[in-house]
>>> print(open('data_12.csv').read())   # CSV, C-alpha atoms and all ligand atoms
chain,number,residue,atom,x,y,z
I,9,MET,CA,0.0,0.0,0.0
I,10,ILE,CA,1.3,3.4,-1.0
I,11,LYS,CA,0.5,6.3,1.4
I,12,THR,CA,0.6,9.9,0.0
I,13,ASP,CA,-0.9,13.3,0.5
I,14,VAL,CA,-2.6,13.4,-2.9
I,15,LEU,CA,-3.3,10.8,-5.6
I,16,VAL,CA,-3.5,12.5,-9.0
I,17,ILE,CA,-5.5,10.6,-11.6
I,18,GLY,CA,-4.3,11.6,-15.0
I,19,ALA,CA,-0.8,12.6,-16.2
I,20,GLY,CA,-2.1,15.1,-18.8
I,21,PRO,CA,-0.8,18.7,-18.7
I,22,VAL,CA,-3.3,19.6,-16.0
I,23,GLY,CA,-2.4,16.7,-13.7
I,24,LEU,CA,1.3,17.5,-14.2
I,25,PHE,CA,0.9,21.2,-13.2
I,26,ALA,CA,-1.2,20.2,-10.2
I,27,VAL,CA,1.8,18.1,-9.0
I,28,HIS,CA,3.9,21.3,-9.3
I,29,GLN,CA,1.4,23.3,-7.2
I,30,LEU,CA,1.2,20.5,-4.6
I,31,GLY,CA,5.0,20.3,-4.4
I,32,LEU,CA,5.4,24.0,-3.9
I,33,ILE,CA,3.3,23.8,-0.7
I,34,GLY,CA,5.1,20.7,0.5
I,35,LEU,CA,2.5,18.1,-0.4
I,36,LYS,CA,3.6,14.7,-1.9
I,37,ALA,CA,1.7,13.3,-4.9
I,38,GLU,CA,1.6,10.0,-6.8
I,39,VAL,CA,0.3,10.0,-10.3
I,40,VAL,CA,-1.6,7.2,-12.1
I,41,ASP,CA,-2.4,7.1,-15.8
I,42,ASN,CA,-3.9,4.5,-18.0
I,43,LEU,CA,-1.6,5.4,-20.9
I,44,ASP,CA,1.9,4.1,-21.3
I,45,LYS,CA,3.3,7.6,-21.5
I,46,ILE,CA,3.0,10.9,-19.7
I,47,GLY,CA,1.3,13.9,-21.4
I,48,GLY,CA,-2.4,13.0,-21.9
I,49,GLN,CA,-4.0,14.4,-25.1
I,50,CYS,CA,-0.9,16.6,-25.8
I,51,ILE,CA,1.2,13.5,-26.3
I,52,GLU,CA,-1.4,11.0,-27.5
I,53,LEU,CA,-3.2,13.2,-30.0
I,54,TYR,CA,-1.0,16.1,-31.1
I,55,PRO,CA,2.7,15.7,-30.0
I,56,ASP,CA,4.0,17.6,-33.0
I,57,LYS,CA,1.3,20.3,-33.4
I,58,PRO,CA,2.0,23.8,-32.3
I,59,ILE,CA,0.1,25.3,-29.4
I,60,TYR,CA,0.0,29.1,-29.3
I,61,ASP,CA,-2.0,29.9,-26.1
I,62,ILE,CA,0.2,28.8,-23.2
I,63,PRO,CA,0.9,31.9,-21.2
I,64,ALA,CA,4.5,33.3,-21.8
I,65,LEU,CA,5.2,30.5,-24.3
I,66,PRO,CA,4.5,32.0,-27.7
I,67,GLU,CA,4.7,28.6,-29.4
I,68,CYS,CA,5.3,25.1,-28.2
I,69,THR,CA,4.3,21.6,-29.2
I,70,GLY,CA,2.3,19.0,-27.3
I,71,GLU,CA,5.6,17.2,-26.7
I,72,SER,CA,7.7,20.2,-25.7
I,73,LEU,CA,4.9,21.4,-23.3
I,74,THR,CA,4.9,18.0,-21.6
I,75,ASN,CA,8.7,18.0,-21.4
I,76,ASN,CA,8.7,21.4,-19.8
I,77,LEU,CA,6.0,20.5,-17.3
I,78,LEU,CA,8.1,17.4,-16.4
I,79,GLU,CA,11.2,19.6,-16.0
I,80,GLN,CA,9.3,21.9,-13.7
I,81,ILE,CA,8.2,19.1,-11.3
I,82,LYS,CA,11.6,17.4,-11.3
I,83,PRO,CA,12.5,18.7,-7.8
I,84,PHE,CA,9.5,16.8,-6.4
I,85,LYS,CA,10.7,13.3,-7.5
I,86,THR,CA,7.1,12.3,-8.3
I,87,ASN,CA,6.3,8.6,-8.9
I,88,PHE,CA,4.3,7.8,-12.0
I,89,HIS,CA,2.2,4.6,-12.3
I,90,LEU,CA,1.7,4.3,-16.0
I,91,ASN,CA,-0.4,1.6,-17.8
I,92,GLU,CA,-2.7,1.6,-14.7
I,93,ARG,CA,-6.3,2.6,-14.5
I,94,VAL,CA,-7.8,3.7,-11.3
I,95,GLU,CA,-10.8,1.4,-10.8
I,96,GLN,CA,-12.2,1.9,-7.3
I,97,ILE,CA,-12.3,4.6,-4.7
I,98,ILE,CA,-13.6,3.8,-1.2
I,99,LYS,CA,-13.6,6.1,1.9
I,100,GLU,CA,-11.7,4.6,4.8
I,101,ASN,CA,-11.8,6.8,8.0
I,102,ASN,CA,-10.1,10.0,6.9
I,103,ASN,CA,-8.5,8.6,3.8
I,104,TRP,CA,-9.5,7.5,0.4
I,105,LYS,CA,-8.5,3.9,-0.5
I,106,ILE,CA,-7.8,3.9,-4.2
I,107,THR,CA,-7.3,0.6,-6.2
I,108,THR,CA,-6.0,0.3,-9.7
I,109,ASN,CA,-6.7,-2.5,-12.3
I,110,LYS,CA,-3.3,-4.0,-11.4
I,111,LYS,CA,-4.5,-4.2,-7.7
I,112,LYS,CA,-2.1,-1.5,-6.6
I,113,ILE,CA,-3.6,0.3,-3.5
I,114,PHE,CA,-3.0,3.9,-2.5
I,115,LEU,CA,-4.2,5.6,0.7
I,116,ALA,CA,-4.6,9.4,0.5
I,117,PRO,CA,-6.7,12.0,2.2
I,118,ASN,CA,-7.1,13.7,-1.2
I,119,ILE,CA,-7.7,12.7,-4.8
I,120,ILE,CA,-7.3,15.1,-7.7
I,121,ILE,CA,-9.1,13.8,-10.8
I,122,ALA,CA,-7.4,15.3,-13.9
I,123,GLY,CA,-8.8,12.6,-16.1
I,124,GLY,CA,-9.5,14.7,-19.2
I,125,VAL,CA,-12.0,13.1,-21.4
I,126,GLY,CA,-11.5,9.8,-19.6
I,127,SER,CA,-9.0,7.1,-20.0
I,128,PHE,CA,-7.6,6.3,-23.4
I,129,GLU,CA,-8.2,2.7,-24.4
I,130,PRO,CA,-7.2,0.8,-27.5
I,131,ARG,CA,-10.0,0.0,-30.0
I,132,LYS,CA,-10.1,-3.8,-30.0
I,133,PHE,CA,-11.0,-6.6,-32.4
I,134,SER,CA,-14.8,-7.1,-32.4
I,135,LEU,CA,-14.4,-10.8,-33.3
I,136,GLU,CA,-16.1,-13.2,-30.9
I,137,GLY,CA,-13.5,-15.1,-28.8
I,138,ALA,CA,-10.7,-12.6,-29.4
I,139,GLU,CA,-10.8,-11.4,-25.7
I,140,LYS,CA,-9.6,-14.7,-24.3
I,141,PHE,CA,-6.3,-14.4,-26.2
I,142,GLU,CA,-5.7,-10.8,-25.0
I,143,ASN,CA,-2.2,-10.2,-23.5
I,144,LYS,CA,-1.3,-13.8,-24.4
I,145,SER,CA,-1.4,-13.9,-28.3
I,146,ILE,CA,-3.3,-10.6,-29.0
I,147,PHE,CA,-1.7,-7.2,-28.1
I,148,TYR,CA,-2.8,-3.7,-28.6
I,149,SER,CA,0.5,-2.1,-27.6
I,150,ILE,CA,4.1,-3.3,-27.4
I,151,LYS,CA,6.2,-3.0,-24.3
I,152,ASP,CA,9.3,-5.1,-25.4
I,153,LYS,CA,9.7,-5.8,-29.1
I,154,ASN,CA,12.2,-8.6,-28.3
I,155,ASN,CA,9.3,-10.8,-27.1
I,156,PHE,CA,8.4,-11.1,-30.8
I,157,LYS,CA,11.9,-12.2,-32.0
I,158,ASN,CA,11.7,-14.9,-34.7
I,159,LYS,CA,7.9,-15.2,-34.3
I,160,LYS,CA,5.2,-15.0,-36.9
I,161,ILE,CA,3.2,-11.8,-36.4
I,162,SER,CA,0.1,-10.5,-38.0
I,163,ILE,CA,-0.3,-6.7,-37.6
I,164,PHE,CA,-3.7,-5.2,-38.3
I,165,GLY,CA,-4.3,-1.5,-39.0
I,166,GLY,CA,-3.4,1.2,-41.6
I,167,GLY,CA,-2.3,4.1,-39.4
I,168,ASP,CA,1.1,5.3,-38.2
I,169,SER,CA,1.4,2.8,-35.3
I,170,ALA,CA,0.6,-0.2,-37.5
I,171,LEU,CA,3.1,0.9,-40.2
I,172,ASP,CA,5.8,1.9,-37.7
I,173,TRP,CA,5.6,-1.5,-35.9
I,174,ALA,CA,5.4,-3.4,-39.2
I,175,ILE,CA,8.7,-1.7,-40.2
I,176,GLU,CA,10.3,-2.2,-36.9
I,177,LEU,CA,9.3,-5.8,-36.3
I,178,SER,CA,10.1,-6.9,-39.8
I,179,LYS,CA,13.8,-6.6,-38.7
I,180,LEU,CA,13.4,-9.4,-36.2
I,181,ALA,CA,10.3,-11.4,-37.0
I,182,GLU,CA,8.1,-12.7,-39.8
I,183,VAL,CA,5.5,-10.0,-40.3
I,184,THR,CA,2.2,-9.9,-42.2
I,185,LEU,CA,0.5,-6.5,-42.4
I,186,VAL,CA,-3.2,-6.7,-42.8
I,187,HIS,CA,-5.4,-3.6,-43.6
I,188,ARG,CA,-9.1,-3.4,-44.6
I,189,ARG,CA,-8.3,-0.8,-47.3
I,190,ASN,CA,-5.7,-0.7,-50.1
I,191,GLU,CA,-4.5,2.8,-49.0
I,192,PHE,CA,-2.8,3.3,-45.7
I,193,ARG,CA,-3.7,6.2,-43.4
I,194,GLY,CA,-0.3,6.7,-41.9
I,195,VAL,CA,2.3,9.1,-43.2
I,196,GLU,CA,3.2,8.6,-46.9
I,197,SER,CA,6.9,7.8,-46.2
I,198,SER,CA,5.9,4.9,-43.9
I,199,GLY,CA,3.4,3.6,-46.4
I,200,ASN,CA,6.1,3.6,-49.1
I,201,LYS,CA,8.6,1.9,-46.8
I,202,VAL,CA,6.3,-1.1,-46.1
I,203,LYS,CA,5.7,-1.5,-49.8
I,204,GLU,CA,9.5,-1.4,-50.4
I,205,LEU,CA,10.0,-4.0,-47.7
I,206,GLU,CA,7.3,-6.2,-49.3
I,207,LYS,CA,9.2,-6.0,-52.6
I,208,GLU,CA,12.4,-7.0,-50.8
I,209,GLY,CA,10.5,-10.0,-49.3
I,210,LYS,CA,11.0,-8.7,-45.8
I,211,LEU,CA,7.3,-8.5,-44.9
I,212,LYS,CA,3.9,-9.5,-46.5
I,213,ILE,CA,1.0,-7.1,-47.1
I,214,LYS,CA,-2.6,-8.3,-47.3
I,215,THR,CA,-5.1,-5.6,-48.4
I,216,PRO,CA,-8.1,-5.1,-48.4
I,217,PHE,CA,-8.6,-7.8,-45.8
I,218,GLN,CA,-10.2,-8.0,-42.3
I,219,ILE,CA,-9.8,-10.6,-39.6
I,220,ASN,CA,-12.3,-13.5,-40.0
I,221,SER,CA,-11.5,-16.1,-37.4
I,222,ILE,CA,-8.9,-17.1,-34.9
I,223,GLU,CA,-7.7,-20.7,-34.3
I,224,GLY,CA,-5.8,-22.0,-31.3
I,225,LYS,CA,-6.5,-23.3,-27.8
I,226,GLU,CA,-4.4,-21.5,-25.1
I,227,ASN,CA,-2.5,-19.5,-27.7
I,228,ILE,CA,-3.2,-18.5,-31.3
I,229,THR,CA,-1.8,-20.9,-33.9
I,230,SER,CA,-3.4,-19.4,-37.0
I,231,ILE,CA,-6.0,-16.8,-38.2
I,232,THR,CA,-8.1,-16.4,-41.3
I,233,ILE,CA,-8.6,-13.1,-43.1
I,234,LYS,CA,-11.4,-12.3,-45.5
I,235,ASP,CA,-11.6,-9.7,-48.4
I,236,GLU,CA,-14.7,-7.9,-49.6
I,237,SER,CA,-15.5,-10.6,-52.2
I,238,GLY,CA,-15.6,-13.2,-49.4
I,239,LYS,CA,-12.2,-14.8,-50.3
I,240,ILE,CA,-10.6,-16.3,-47.3
I,241,GLU,CA,-6.9,-16.8,-46.6
I,242,LYS,CA,-5.3,-18.7,-43.7
I,243,ILE,CA,-2.2,-17.2,-42.0
I,244,SER,CA,-0.1,-19.3,-39.6
I,245,THR,CA,0.7,-16.9,-36.8
I,246,ASP,CA,2.0,-16.7,-33.2
I,247,TYR,CA,0.9,-13.2,-32.3
I,248,VAL,CA,-1.8,-10.8,-33.5
I,249,LEU,CA,-1.2,-7.1,-33.0
I,250,GLY,CA,-4.1,-4.6,-33.4
I,251,PHE,CA,-3.5,-0.9,-34.0
I,252,PHE,CA,-6.9,0.7,-34.6
I,253,GLY,CA,-6.4,3.9,-32.6
I,254,LEU,CA,-7.7,4.9,-29.2
I,255,ILE,CA,-11.1,5.5,-27.8
I,256,MET,CA,-11.8,7.7,-24.8
I,257,LYS,CA,-13.9,6.2,-22.1
I,258,LEU,CA,-15.0,7.9,-18.9
I,259,GLY,CA,-14.7,4.3,-17.6
I,260,PRO,CA,-14.7,3.6,-13.9
I,261,ILE,CA,-15.1,7.3,-12.9
I,262,VAL,CA,-18.8,7.0,-13.4
I,263,GLU,CA,-19.0,4.4,-10.5
I,264,TRP,CA,-17.4,6.6,-7.8
I,265,GLY,CA,-20.6,8.3,-6.6
I,266,LEU,CA,-19.6,11.6,-8.0
I,267,ASN,CA,-22.2,14.0,-9.5
I,268,LEU,CA,-21.9,13.9,-13.3
I,269,GLU,CA,-23.2,16.2,-16.0
I,270,LYS,CA,-22.8,15.3,-19.7
I,271,LYS,CA,-19.7,13.2,-18.9
I,272,THR,CA,-18.1,15.9,-16.8
I,273,ILE,CA,-17.8,16.4,-13.0
I,274,PRO,CA,-19.4,19.6,-11.6
I,275,VAL,CA,-17.2,21.3,-9.1
I,276,ASN,CA,-17.2,24.2,-6.7
I,277,THR,CA,-15.0,26.8,-8.3
I,278,GLU,CA,-13.7,28.1,-4.9
I,279,ASN,CA,-11.6,24.9,-4.5
I,280,PHE,CA,-12.5,22.6,-7.4
I,281,GLN,CA,-14.0,20.1,-4.9
I,282,THR,CA,-16.6,17.6,-6.2
I,283,ASN,CA,-19.6,16.6,-4.2
I,284,LYS,CA,-17.3,14.4,-2.2
I,285,GLU,CA,-15.0,15.9,0.4
I,286,GLY,CA,-11.3,15.4,-0.5
I,287,ILE,CA,-12.1,14.6,-4.2
I,288,PHE,CA,-11.3,17.4,-6.6
I,289,ALA,CA,-11.7,17.5,-10.4
I,290,ILE,CA,-9.7,19.8,-12.7
I,291,GLY,CA,-8.9,20.2,-16.4
I,292,ASP,CA,-11.2,19.0,-19.2
I,293,ILE,CA,-13.1,16.6,-16.9
I,294,CYS,CA,-14.6,19.3,-14.6
I,295,SER,CA,-17.5,21.6,-15.4
I,296,TYR,CA,-18.8,24.9,-14.0
I,297,PRO,CA,-20.4,27.9,-15.5
I,298,GLY,CA,-18.1,29.5,-18.0
I,299,LYS,CA,-15.6,26.5,-18.1
I,300,LEU,CA,-13.1,26.7,-21.0
I,301,LYS,CA,-11.5,23.4,-22.0
I,302,LEU,CA,-8.1,25.0,-22.3
I,303,ILE,CA,-4.8,24.0,-20.7
I,304,LEU,CA,-4.4,27.4,-19.1
I,305,SER,CA,-7.7,27.1,-17.3
I,306,GLY,CA,-6.6,23.7,-16.0
I,307,PHE,CA,-3.5,25.2,-14.6
I,308,HIS,CA,-5.5,27.7,-12.5
I,309,GLU,CA,-7.9,25.0,-11.4
I,310,GLY,CA,-4.9,22.9,-10.2
I,311,ALA,CA,-3.5,25.8,-8.2
I,312,LEU,CA,-6.7,26.2,-6.2
I,313,ALA,CA,-7.3,22.4,-5.8
I,314,ALA,CA,-3.8,22.0,-4.4
I,315,ARG,CA,-4.3,24.6,-1.7
I,316,ALA,CA,-7.6,22.9,-0.8
I,317,CYS,CA,-5.8,19.6,-0.5
I,318,PHE,CA,-3.5,21.1,2.2
I,319,LYS,CA,-6.3,21.3,4.7
I,320,LEU,CA,-7.0,17.6,4.7
I,321,ALA,CA,-3.3,16.5,4.3
I,322,ARG,CA,-2.1,18.8,7.1
I,323,PRO,CA,-5.1,19.3,9.4
I,324,ASN,CA,-3.0,20.7,12.2
I,325,GLU,CA,-1.1,23.2,10.2
I,326,LYS,CA,-2.2,26.5,8.8
I,327,TYR,CA,-1.6,27.1,5.1
I,328,ARG,CA,0.4,30.3,4.4
I,329,PHE,CA,0.2,32.0,1.0
I,330,GLU,CA,3.7,32.6,-0.3
I,331,PHE,CA,5.3,33.8,-3.5
I,332,THR,CA,7.9,31.6,-5.2
I,333,THR,CA,10.0,34.8,-5.8
I,334,THR,CA,10.5,35.5,-2.1
I,335,SER,CA,9.7,32.4,0.0
I,336,LYS,CA,12.7,30.6,1.4
I,337,SER,CA,10.7,27.4,2.2
I,338,VAL,CA,9.3,27.3,-1.4
I,339,GLN,CA,12.8,27.7,-2.8
I,340,ASP,CA,14.1,25.0,-0.5
I,341,ARG,CA,11.4,22.6,-1.9
I,342,LEU,CA,12.5,23.5,-5.4
I,343,GLY,CA,16.1,22.8,-4.4
I,344,ILE,CA,17.2,26.4,-5.3
I,345,THR,CA,20.4,27.5,-3.7
I,346,LYS,CA,20.9,31.3,-3.5
I,347,LYS,CA,24.2,32.7,-4.8
P,401,LIG,C1,-6.0,18.3,-31.6
P,401,LIG,C2,-6.1,19.1,-30.3
P,401,LIG,C3,-5.5,20.3,-30.2
P,401,LIG,C4,-5.6,21.1,-29.0
P,401,LIG,N1,-5.0,22.3,-29.0
P,401,LIG,C5,-5.1,23.0,-27.8
P,401,LIG,C6,-4.5,24.3,-27.7
P,401,LIG,O1,-4.0,24.9,-28.7
P,401,LIG,N2,-4.6,25.0,-26.5
P,401,LIG,C7,-5.2,24.5,-25.4
P,401,LIG,O2,-5.2,25.1,-24.4
P,401,LIG,N3,-5.8,23.2,-25.5
P,401,LIG,C8,-5.8,22.5,-26.7
P,401,LIG,N4,-6.4,21.3,-26.7
P,401,LIG,C9,-7.1,20.8,-25.5
P,401,LIG,C10,-6.1,20.3,-24.5
P,401,LIG,O3,-5.3,19.2,-25.0
P,401,LIG,C11,-6.9,19.8,-23.3
P,401,LIG,O4,-7.6,20.8,-22.7
P,401,LIG,C12,-5.9,19.2,-22.2
P,401,LIG,O5,-5.2,18.1,-22.7
P,401,LIG,C13,-6.7,18.8,-21.0
P,401,LIG,O6,-5.7,18.3,-20.1
P,401,LIG,P1,-6.1,17.3,-18.9
P,401,LIG,O7,-4.8,17.1,-18.2
P,401,LIG,O8,-7.3,17.8,-18.2
P,401,LIG,O9,-6.6,16.0,-19.6
P,401,LIG,P2,-5.9,15.0,-20.7
P,401,LIG,O10,-4.8,15.6,-21.5
P,401,LIG,O11,-7.1,14.4,-21.4
P,401,LIG,O12,-5.2,13.9,-19.8
P,401,LIG,C14,-6.1,13.0,-19.0
P,401,LIG,C15,-5.3,11.8,-18.7
P,401,LIG,O13,-6.1,11.0,-17.7
P,401,LIG,C16,-6.0,9.7,-17.9
P,401,LIG,N5,-7.1,9.0,-17.2
P,401,LIG,C17,-8.4,9.2,-17.3
P,401,LIG,N6,-9.1,8.4,-16.5
P,401,LIG,C18,-8.2,7.6,-15.9
P,401,LIG,C19,-8.3,6.6,-14.9
P,401,LIG,N7,-9.5,6.1,-14.4
P,401,LIG,N8,-7.2,6.0,-14.5
P,401,LIG,C20,-6.0,6.4,-15.0
P,401,LIG,N9,-5.8,7.4,-15.9
P,401,LIG,C21,-6.9,8.0,-16.3
P,401,LIG,C22,-6.0,9.6,-19.4
P,401,LIG,O14,-5.4,8.4,-19.9
P,401,LIG,C23,-5.2,10.8,-19.9
P,401,LIG,O15,-3.8,10.5,-20.1
P,401,LIG,C24,-6.3,20.5,-27.9
P,401,LIG,C25,-6.9,19.3,-28.0
P,401,LIG,C26,-6.8,18.5,-29.1
P,401,LIG,C27,-7.4,17.2,-29.2
>>> encode(input="data_12.csv", output="structure tokens")
Amino acid sequence: MIKTDVLVIGAGPVGLFAVHQLGLIGLKAEVVDNLDKIGGQCIELYPDKPIYDIPALPECTGESLTNNLLEQIKPFKTNFHLNERVEQIIKENNNWKITTNKKKIFLAPNIIIAGGVGSFEPRKFSLEGAEKFENKSIFYSIKDKNNFKNKKISIFGGGDSALDWAIELSKLAEVTLVHRRNEFRGVESSGNKVKELEKEGKLKIKTPFQINSIEGKENITSITIKDESGKIEKISTDYVLGFFGLIMKLGPIVEWGLNLEKKTIPVNTENFQTNKEGIFAIGDICSYPGKLKLILSGFHEGALAARACFKLARPNEKYRFEFTTTSKSVQDRLGITKK
């Protein structure tokens, strides 16, 4: 069990800045995110696109904003629990007991939900029976490409992830790339590269085909694919990888007894608390009159929620407002040594 002052759900830009605001006032946070990387929508949906409305940063990208936010919270040595979705929240005396899908348990007097539009989840095969092979023979993300060394792999999808992984894995495995259309959606250069590799005999391409059936008991041994005319082909395969993009699901958040309004959580704008004491919501997931779904609004919301967390995390201390410019204790927390 991990005890902390605040559990932050969501490692998007707003969750990251909340960690900074908590750190400045001496509160420790742990961060959980369902994605395998830090940065929320900025990293998952538009890492290379320019953003022009972050205060005092005339231009940055989703990726550089995330990197800067991470740099800013470095002094607080925050633990990130990635690839984990918060499933359950239960009140236990003065704390919240938070359980993830990997059965990790946190105990904290405060929770800040910075869950954006919900957790990002991979779009999966809709084929009956596919579920039982998940994480054994069927994968929707890759943690270690070496697990696929010298294996037969069928990769489904036509976007950047499918193309990139087909190119990468063709160096160490026997790859068949299957896509339901003849044209790929990913960048042209990757589309050209897979066609080149096919010509060189380094991978196979099957288009326009879709998955039709899976064969195997514990693990997959082969699959069949079908084209629009009904033609069926069998492929002997050890692993099936699906890259069909992500869907956003509010997911377990709807089961935590919080008031909800059109898939958002209404908050009190004085402190961004929800209808439950010690549970705050900030960023895209919160709603209040006049709410703007912008990163800069989320930063302000995190600053106020952090101060409110102080009361429950340090019930016997009085919170003192301080400027970073002049406060010695804040500068100590940031590890700044005065010349
Ligand atoms: C194409 C595009 C361009 C944009 N351009 C701009 C712009 O120019 N300026 C601007 O200000 N805004 C812009 N935005 C909006 C901006 O990206 C969002 O306002 C911002 O990302 C919200 O941040 P957040 O931290 O609240 O949520 P998110 O970035 O959505 O992050 C939430 C995180 O919470 C995680 N999560 C959710 N539920 C759980 C759970 N139960 N357990 C674990 N993890 C969970 C998710 O996996 C996700 O990583 C743009 C958005 C898009 C899509």
>>> residues_near_point(input="data_12.csv", point="(-8.4, -15.7, -44.2)", cutoff="9 Å", atoms="only C-alpha atoms", output="ChimeraX atom specification")
/I:217-221,231-235,239-243
>>> residues_near_ligand(input="data_12.csv", ligand="ligand LIG 401 (chain P)", cutoff="8 Å", atoms="all atoms listed in the file", output="mmCIF file with C-alpha atoms, keeping the file's coordinate frame")
data_model
loop_
_atom_site.group_PDB
_atom_site.id
_atom_site.type_symbol
_atom_site.label_atom_id
_atom_site.label_comp_id
_atom_site.auth_asym_id
_atom_site.auth_seq_id
_atom_site.Cartn_x
_atom_site.Cartn_y
_atom_site.Cartn_z
ATOM 1 C CA ILE I 17 -5.500 10.600 -11.600
ATOM 2 C CA GLY I 18 -4.300 11.600 -15.000
ATOM 3 C CA ALA I 19 -0.800 12.600 -16.200
ATOM 4 C CA GLY I 20 -2.100 15.100 -18.800
ATOM 5 C CA PRO I 21 -0.800 18.700 -18.700
ATOM 6 C CA VAL I 22 -3.300 19.600 -16.000
ATOM 7 C CA GLY I 23 -2.400 16.700 -13.700
ATOM 8 C CA LEU I 24 1.300 17.500 -14.200
ATOM 9 C CA VAL I 40 -1.600 7.200 -12.100
ATOM 10 C CA ASP I 41 -2.400 7.100 -15.800
ATOM 11 C CA ASN I 42 -3.900 4.500 -18.000
ATOM 12 C CA LEU I 43 -1.600 5.400 -20.900
ATOM 13 C CA LYS I 45 3.300 7.600 -21.500
ATOM 14 C CA ILE I 46 3.000 10.900 -19.700
ATOM 15 C CA GLY I 47 1.300 13.900 -21.400
ATOM 16 C CA GLY I 48 -2.400 13.000 -21.900
ATOM 17 C CA GLN I 49 -4.000 14.400 -25.100
ATOM 18 C CA CYS I 50 -0.900 16.600 -25.800
ATOM 19 C CA ILE I 51 1.200 13.500 -26.300
ATOM 20 C CA GLU I 52 -1.400 11.000 -27.500
ATOM 21 C CA LEU I 53 -3.200 13.200 -30.000
ATOM 22 C CA TYR I 54 -1.000 16.100 -31.100
ATOM 23 C CA LYS I 57 1.300 20.300 -33.400
ATOM 24 C CA PRO I 58 2.000 23.800 -32.300
ATOM 25 C CA ILE I 59 0.100 25.300 -29.400
ATOM 26 C CA TYR I 60 0.000 29.100 -29.300
ATOM 27 C CA ASP I 61 -2.000 29.900 -26.100
ATOM 28 C CA ILE I 62 0.200 28.800 -23.200
ATOM 29 C CA GLY I 70 2.300 19.000 -27.300
ATOM 30 C CA ASN I 91 -0.400 1.600 -17.800
ATOM 31 C CA GLU I 92 -2.700 1.600 -14.700
ATOM 32 C CA ARG I 93 -6.300 2.600 -14.500
ATOM 33 C CA VAL I 94 -7.800 3.700 -11.300
ATOM 34 C CA GLU I 95 -10.800 1.400 -10.800
ATOM 35 C CA THR I 108 -6.000 0.300 -9.700
ATOM 36 C CA ILE I 121 -9.100 13.800 -10.800
ATOM 37 C CA ALA I 122 -7.400 15.300 -13.900
ATOM 38 C CA GLY I 123 -8.800 12.600 -16.100
ATOM 39 C CA GLY I 124 -9.500 14.700 -19.200
ATOM 40 C CA VAL I 125 -12.000 13.100 -21.400
ATOM 41 C CA GLY I 126 -11.500 9.800 -19.600
ATOM 42 C CA SER I 127 -9.000 7.100 -20.000
ATOM 43 C CA PHE I 128 -7.600 6.300 -23.400
ATOM 44 C CA GLU I 129 -8.200 2.700 -24.400
ATOM 45 C CA LYS I 257 -13.900 6.200 -22.100
ATOM 46 C CA LEU I 258 -15.000 7.900 -18.900
ATOM 47 C CA GLY I 259 -14.700 4.300 -17.600
ATOM 48 C CA PRO I 260 -14.700 3.600 -13.900
ATOM 49 C CA ILE I 261 -15.100 7.300 -12.900
ATOM 50 C CA ILE I 290 -9.700 19.800 -12.700
ATOM 51 C CA GLY I 291 -8.900 20.200 -16.400
ATOM 52 C CA ASP I 292 -11.200 19.000 -19.200
ATOM 53 C CA ILE I 293 -13.100 16.600 -16.900
ATOM 54 C CA LYS I 301 -11.500 23.400 -22.000
ATOM 55 C CA LEU I 302 -8.100 25.000 -22.300
ATOM 56 C CA ILE I 303 -4.800 24.000 -20.700
ATOM 57 C CA LEU I 304 -4.400 27.400 -19.100
ATOM 58 C CA SER I 305 -7.700 27.100 -17.300
ATOM 59 C CA GLY I 306 -6.600 23.700 -16.000
#
>>> residues_around(input="data_12.csv", residues="Phe141 of chain I", least_positions_apart="2", cutoff="10 Å", atoms="only C-alpha atoms", output="list of chain:residue names")
I:Gly137, I:Ala138, I:Glu139, I:Asn143, I:Lys144, I:Ser145, I:Ile146, I:Phe147, I:Ile222, I:Gly224, I:Lys225, I:Glu226, I:Asn227, I:Ile228, I:Tyr247, I:Val248
>>> atom_distance(input="data_12.csv", atom1="atom CA of Pro117 of chain I", atom2="atom CA of Lys82 of chain I")
23.4 Å
>>> closest_residue(input="data_12.csv", among="I:Leu266, I:Leu320, I:Ile163, I:Leu15", to="Ile113 of chain I", atoms="only C-alpha atoms")
I:Leu15
>>> closest_residue(input="data_12.csv", among="I:Asp246, I:Glu206, I:Glu236, I:Glu100", to="Lys160 of chain I", atoms="only C-alpha atoms")
I:Asp246
>>> residues_around(input="data_12.csv", residues="His28 of chain I", least_positions_apart="6", cutoff="8 Å", atoms="only C-alpha atoms", output="PyMOL selection string")
chain I and resi 80-81+84
>>> residues_around(input="data_12.csv", residues="Ala174 of chain I", least_positions_apart="6", cutoff="12 Å", atoms="only C-alpha atoms", output="VMD selection string")
chain I and resid 150 153 156 160 to 168 180 to 187 194 198 to 199 201 to 203 205 to 206 210 to 213 248 to 251
>>> closest_residue(input="data_12.csv", among="I:Ser335, I:Asn75, I:Ser149, I:Asn118", to="Ala289 of chain I", atoms="all atoms listed in the file")
I:Asn118
>>> closest_residue(input="data_12.csv", among="I:Asn154, I:Thr282, I:Thr272, I:Ser178", to="Gly209 of chain I", atoms="only C-alpha atoms")
I:Ser178
>>> closest_residue(input="data_12.csv", among="I:Phe288, I:Leu32, I:Ala116, I:Lys271", to="Met9 of chain I", atoms="all atoms listed in the file")
I:Ala116
>>> closest_residue(input="data_12.csv", among="I:Gly31, I:Pro130, I:Pro55, I:Gly238", to="Lys85 of chain I", atoms="all atoms listed in the file")
I:Gly31
>>> atom_distance(input="data_12.csv", atom1="atom CA of Ala313 of chain I", atom2="atom CA of Pro66 of chain I")
26.7 Å
>>> atom_distance(input="data_12.csv", atom1="atom CA of Ser295 of chain I", atom2="atom CA of Lys270 of chain I")
9.3 Å
>>> residues_around(input="data_12.csv", residues="Ser337 of chain I", least_positions_apart="5", cutoff="10 Å", atoms="only C-alpha atoms", output="VMD selection string")
chain I and resid 32 to 34 330 332 342 to 344
